[in-house]
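Q: Here you go, this is query-v5.txt (compact mmCIF, C-alpha atoms).
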```txt
# COMPACT_ATOMS: atom_id res chain seq x y z
CA MET A 17 42.01 53.86 3.47
CA PRO A 18 44.16 56.27 5.55
CA GLY A 19 44.03 54.01 8.62
CA GLU A 20 45.13 50.93 6.68
CA ARG A 21 47.97 52.84 5.05
CA LYS A 22 49.14 54.08 8.45
CA ASN A 23 49.04 50.56 9.84
CA GLN A 24 50.99 49.24 6.86
CA LYS A 25 53.66 51.89 7.36
CA GLN A 26 53.94 50.95 11.02
CA ARG A 27 54.24 47.26 10.12
CA THR A 28 56.96 48.04 7.60
CA ARG A 29 58.86 50.14 10.13
CA ASP A 30 58.48 47.50 12.85
CA GLY A 31 59.62 44.82 10.40
CA LEU A 32 62.80 46.75 9.63
CA VAL A 33 63.61 47.25 13.29
CA GLU A 34 62.91 43.60 14.07
CA ALA A 35 65.16 42.50 11.21
CA ALA A 36 67.94 44.77 12.47
CA VAL A 37 67.68 43.36 16.00
CA LYS A 38 67.80 39.77 14.68
CA LEU A 39 70.92 40.50 12.61
CA LEU A 40 72.65 42.14 15.57
CA ARG A 41 71.77 39.22 17.85
CA ALA A 42 73.25 36.91 15.23
CA GLY A 43 76.52 38.82 15.57
CA ARG A 44 76.24 40.85 12.37
CA SER A 45 76.76 44.57 11.94
CA PRO A 46 74.36 45.28 9.06
CA THR A 47 73.95 48.20 6.72
CA VAL A 48 70.51 49.68 6.17
CA SER A 49 70.46 47.79 2.87
CA ASP A 50 71.22 44.51 4.68
CA VAL A 51 68.31 45.17 7.01
CA ALA A 52 66.07 45.92 4.03
CA ALA A 53 66.96 42.58 2.45
CA ALA A 54 66.27 40.73 5.71
CA ALA A 55 62.91 42.50 6.02
CA LEU A 56 62.05 41.71 2.37
CA VAL A 57 61.71 45.34 1.30
CA SER A 58 63.72 47.45 -1.09
CA PRO A 59 66.65 49.58 0.12
CA ALA A 60 64.78 52.66 -1.08
CA THR A 61 61.87 51.75 1.18
CA ALA A 62 64.18 51.18 4.15
CA TYR A 63 65.89 54.54 3.66
CA ARG A 64 62.52 56.29 3.60
CA TYR A 65 61.93 55.08 7.14
CA PHE A 66 65.54 55.29 8.30
CA PRO A 67 67.61 57.74 6.26
CA SER A 68 70.77 57.00 8.26
CA ALA A 69 72.37 54.26 10.31
CA GLN A 70 72.07 56.52 13.35
CA SER A 71 68.28 56.75 13.04
CA LEU A 72 67.95 52.97 12.67
CA TRP A 73 70.27 52.37 15.64
CA GLN A 74 68.15 54.70 17.78
CA ALA A 75 65.06 52.70 16.82
CA VAL A 76 66.87 49.48 17.73
CA LEU A 77 67.78 50.89 21.14
CA GLN A 78 64.12 51.68 21.78
CA ALA A 79 63.09 48.22 20.61
CA ILE A 80 65.45 46.41 22.99
CA GLY A 81 64.17 48.44 25.90
CA GLU A 82 66.54 51.34 26.47
CA PRO A 83 64.80 53.38 29.17
CA SER A 84 63.67 56.94 28.60
CA LYS A 85 65.07 59.83 30.63
CA GLN A 86 61.68 60.20 32.28
CA GLU A 87 61.85 56.58 33.49
CA VAL A 88 65.40 56.78 34.77
CA PHE A 89 65.08 60.06 36.66
CA ALA A 90 61.45 59.86 37.81
CA GLY A 91 61.27 61.32 41.32
CA LEU A 92 64.94 62.32 41.22
CA GLU A 93 64.51 65.83 39.84
CA ARG A 94 66.03 67.33 43.02
CA ALA A 95 68.32 64.44 43.94
CA ASP A 96 72.06 64.94 44.27
CA ALA A 97 74.50 64.02 41.51
CA GLU A 98 75.55 60.75 43.13
CA THR A 99 71.97 59.47 43.36
CA ARG A 100 71.11 60.45 39.80
CA VAL A 101 74.29 58.97 38.37
CA ALA A 102 73.72 55.72 40.29
CA ALA A 103 70.18 55.49 38.93
CA MET A 104 71.41 56.12 35.42
CA ILE A 105 74.14 53.48 35.61
CA GLU A 106 71.79 50.98 37.25
CA GLN A 107 69.12 51.23 34.59
CA VAL A 108 71.08 51.96 31.42
CA SER A 109 73.86 49.45 32.10
CA GLY A 110 71.26 47.02 33.40
CA ARG A 111 69.37 47.11 30.11
CA MET A 112 72.64 46.63 28.25
CA LEU A 113 73.40 43.52 30.28
CA ASP A 114 69.90 42.25 29.50
CA ASN A 115 70.76 42.58 25.79
CA GLU A 116 74.39 41.56 26.02
CA THR A 117 74.59 39.90 22.60
CA VAL A 118 73.53 43.08 20.81
CA TRP A 119 76.05 45.16 22.72
CA ARG A 120 78.84 42.69 22.13
CA THR A 121 78.15 43.03 18.42
CA ALA A 122 78.20 46.80 18.84
CA HIS A 123 81.54 46.65 20.63
CA ALA A 124 83.08 44.37 18.01
CA ALA A 125 81.88 46.59 15.15
CA ARG A 126 83.24 49.75 16.75
CA SER A 127 86.56 48.09 17.54
CA GLU A 128 87.32 47.23 13.92
CA PRO A 129 90.53 49.00 12.89
CA GLY A 130 90.31 51.62 10.16
CA ASP A 131 92.22 51.33 6.89
CA GLY A 132 95.81 52.08 7.75
CA GLY A 133 94.71 53.29 11.17
CA ARG A 134 92.75 56.16 9.63
CA ARG A 135 89.09 56.94 10.25
CA ARG A 136 86.95 55.78 7.36
CA ALA A 137 85.38 58.45 5.23
CA ALA A 138 81.77 59.34 5.92
CA THR A 139 80.78 57.98 2.52
CA ASN A 140 82.35 54.57 3.17
CA GLU A 141 80.01 51.58 3.42
CA HIS A 142 81.19 50.81 6.96
CA SER A 143 79.99 54.21 8.15
CA SER A 144 76.40 53.28 7.22
CA ARG A 145 76.37 50.19 9.41
CA ILE A 146 74.65 49.76 12.72
CA PRO A 147 75.47 50.20 15.49
CA ALA A 148 76.35 53.81 14.76
CA HIS A 149 77.88 56.41 17.02
CA THR A 150 75.15 58.63 18.46
CA GLY A 151 76.83 60.27 21.43
CA GLN A 152 74.21 58.66 23.64
CA ARG A 153 76.66 57.79 26.41
CA LEU A 154 77.64 61.41 27.03
CA ARG A 155 74.04 62.56 26.73
CA TRP A 156 73.07 60.21 29.53
CA ILE A 157 75.93 61.49 31.69
CA ASP A 158 75.03 65.13 31.05
CA GLU A 159 71.41 64.42 31.92
CA ALA A 160 72.40 62.76 35.19
CA LEU A 161 74.68 65.63 36.18
CA ALA A 162 72.51 68.49 34.91
CA PRO A 163 70.89 69.59 38.22
CA ALA A 164 74.25 69.54 40.03
CA GLU A 165 76.42 70.99 37.27
CA ARG A 166 76.77 74.35 39.02
CA SER A 167 78.20 72.69 42.12
CA PHE A 168 81.30 71.73 40.13
CA ASN A 169 83.86 74.06 38.66
CA ALA A 170 84.49 73.68 34.95
CA ALA A 171 87.60 71.54 35.36
CA SER A 172 85.97 69.18 37.90
CA TYR A 173 82.88 68.80 35.73
CA ARG A 174 84.90 67.94 32.61
CA ARG A 175 86.98 65.44 34.56
CA LEU A 176 83.92 63.77 36.09
CA ARG A 177 82.07 63.66 32.77
CA SER A 178 85.01 61.94 31.09
CA ALA A 179 85.59 59.56 34.00
CA LEU A 180 81.97 58.42 34.03
CA ALA A 181 82.31 57.49 30.36
CA LEU A 182 84.64 54.74 31.56
CA VAL A 183 81.95 52.98 33.60
CA ILE A 184 79.02 53.02 31.19
CA GLY A 185 78.85 51.41 27.77
CA ALA A 186 79.72 48.14 26.08
CA ASP A 187 83.46 48.43 26.74
CA PRO A 188 83.34 48.37 30.56
CA MET A 189 80.53 45.80 30.50
CA ILE A 190 82.63 43.36 28.48
CA THR A 191 85.71 44.05 30.61
CA LEU A 192 83.83 43.24 33.80
CA ARG A 193 82.17 40.16 32.33
CA ASP A 194 85.11 38.64 30.43
CA LEU A 195 88.31 39.93 32.00
CA CYS A 196 87.07 40.11 35.61
CA GLY A 197 84.74 37.13 35.31
CA LEU A 198 81.81 38.86 37.00
CA THR A 199 78.20 37.81 36.69
CA ALA A 200 75.79 40.28 35.09
CA ASP A 201 74.44 41.25 38.52
CA ASP A 202 77.91 41.73 39.97
CA ALA A 203 78.96 43.79 36.94
CA ARG A 204 75.94 46.05 37.39
CA GLU A 205 76.65 46.47 41.12
CA LEU A 206 80.32 47.24 40.57
CA SER A 207 79.51 49.80 37.87
CA VAL A 208 77.20 51.64 40.26
CA TRP A 209 79.82 51.50 43.03
CA ALA A 210 82.51 52.91 40.72
CA ALA A 211 80.21 55.67 39.47
CA ARG A 212 79.34 56.72 43.02
CA ALA A 213 83.04 56.79 43.94
CA LEU A 214 83.83 59.02 40.96
CA VAL A 215 81.10 61.50 41.85
CA ARG A 216 82.30 61.67 45.46
CA ALA A 217 85.88 62.25 44.35
CA ALA A 218 84.84 65.00 41.95
CA SER A 219 82.73 66.65 44.66
CA ARG A 220 85.71 66.68 47.04
CA ASP A 221 87.92 68.18 44.34
CA ALA A 222 85.37 70.89 43.58
CA GLN A 223 85.02 71.85 47.26
CA ALA A 224 88.70 71.74 48.17
CA PRO A 225 90.17 75.26 48.56
CA ARG A 226 92.83 76.09 46.05
CA LYS A 227 96.25 76.77 47.56
CA ARG A 228 97.54 80.20 46.78
CA ALA A 229 101.07 80.41 45.54
CA VAL A 230 103.32 82.18 48.09
CA ARG A 231 105.59 84.73 46.52
CA THR A 232 108.96 84.95 48.23
CA THR A 233 110.82 88.26 48.14
CA PRO A 234 114.64 88.33 48.02
CA LYS A 235 114.78 89.64 51.66
CA LYS A 236 112.56 86.82 52.96
CA ALA A 237 114.59 84.27 51.04
CA ALA A 238 117.78 85.62 52.58
CA LYS A 239 116.33 85.40 56.13
CA ARG A 240 115.20 81.79 55.52
CA SER A 241 118.69 80.84 54.37
CA ARG A 242 120.33 82.07 57.60
```
What does this structure look like when you write it as structure tokens?
A:
Amino acid sequence: MPGERKNQKQRTRDGLVEAAVKLLRAGRSPTVSDVAAAALVSPATAYRYFPSAQSLWQAVLQAIGEPSKQEVFAGLERADAETRVAAMIEQVSGRMLDNETVWRTAHAARSEPGDGGRRRAATNEHSSRIPAHTGQRLRWIDEALAPAERSFNAASYRRLRSALALVIGADPMITLRDLCGLTADDARELSVWAARALVRAASRDAQAPRKRAVRTTPKKAAKRSR
């Protein structure tokens, strides 16, 4: 029956995602094949549902409650950059803190040194592990800044975009929790405060008039020297 087959496919997919989450919470950085074994299906079956580590990692993020853009920015379509960035940090970093074990595993996996300091080849087994780089952090930042992008010049926007990458993600979360000894709530509050400060600084830079260079002629230079 078509309905039964659809339900079976959904159960298989859900089983793979659940197995991946369990492995990550146990501190493992699994390959798609590892997840298949934990879910008691063949690797070929797992790859039919998730052809890459990136696709499986995206499914894991959804499973552990990463908010959608619609949720984060609901009612903030016309809000200023500071308000949108604060909302983004509050919700995205908040969900990360709610799933701290998974993100600690992600941080540890991404911090593993490459062979001889070189990036591993795309065909290497490590490259097919989850968590996988998806560029999600910068996509969130771009979404938060999108309505206000025109209020920044190109240099200010690039600087702000890069600076905000320092206050969202597993790296700053672990720094605030372990190095600074903050509680999860305090870490979330400080991240929002830092993000707001960065947006304000970038806004001031974008609005500050540029000083024009004053060209000094030989005659004027001679008068000044007298």
Q: If you count all atoms listed in the file, which residues fall within 12 Å of A:Arg166, apart from same-chain ones fewer than 6 positions away, as a list in words?
A: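 Here the qualifying residues turn out to be Asp96, Ala97, Ser172, Tyr173, Ser219, Ala222 and Gln223 of chain A.
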Q: Which residues, written as an mmCIF file with C-alpha atoms, in the coordinates of the input, have at least one atom at most 12 Å from A:Ser178, with only C-alpha atoms counted and residues fewer than 4 positions away on the same chain left out?
A:
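Output contents, as saved in out-v6.cif:
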```
data_model
loop_
_atom_site.group_PDB
_atom_site.id
_atom_site.type_symbol
_atom_site.label_atom_id
_atom_site.label_comp_id
_atom_site.auth_asym_id
_atom_site.auth_seq_id
_atom_site.Cartn_x
_atom_site.Cartn_y
_atom_site.Cartn_z
ATOM 1 C CA ARG A 153 76.660 57.790 26.410
ATOM 2 C CA LEU A 154 77.640 61.410 27.030
ATOM 3 C CA ARG A 155 74.040 62.560 26.730
ATOM 4 C CA ILE A 157 75.930 61.490 31.690
ATOM 5 C CA ASP A 158 75.030 65.130 31.050
ATOM 6 C CA ALA A 171 87.600 71.540 35.360
ATOM 7 C CA SER A 172 85.970 69.180 37.900
ATOM 8 C CA TYR A 173 82.880 68.800 35.730
ATOM 9 C CA ARG A 174 84.900 67.940 32.610
ATOM 10 C CA LEU A 182 84.640 54.740 31.560
ATOM 11 C CA VAL A 183 81.950 52.980 33.600
ATOM 12 C CA ILE A 184 79.020 53.020 31.190
ATOM 13 C CA ALA A 211 80.210 55.670 39.470
ATOM 14 C CA LEU A 214 83.830 59.020 40.960
ATOM 15 C CA VAL A 215 81.100 61.500 41.850
ATOM 16 C CA ALA A 218 84.840 65.000 41.950
#
```
Q: Please indicate the distance in Å from atom CA of A:Arg27 to atom CA of A:Ala55, rounded to one decimal place.
A: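 Interatomic distance here is 10.7 Å.
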Q: So, with all atoms listed in the file as the atoms that count, which of A:Leu176, A:Ala75, A:Ala60, A:Leu113 lies closest to A:Gly31?
A: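 Of all the options, A:Ala75 lies closest to A:Gly31.
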Q: How far is it from atom CA of A:Arg100 to atom CA of A:Pro147, in Å with one decimal?
A: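 About the pair atom CA of A:Arg100 and atom CA of A:Pro147: they are 26.7 Å apart.
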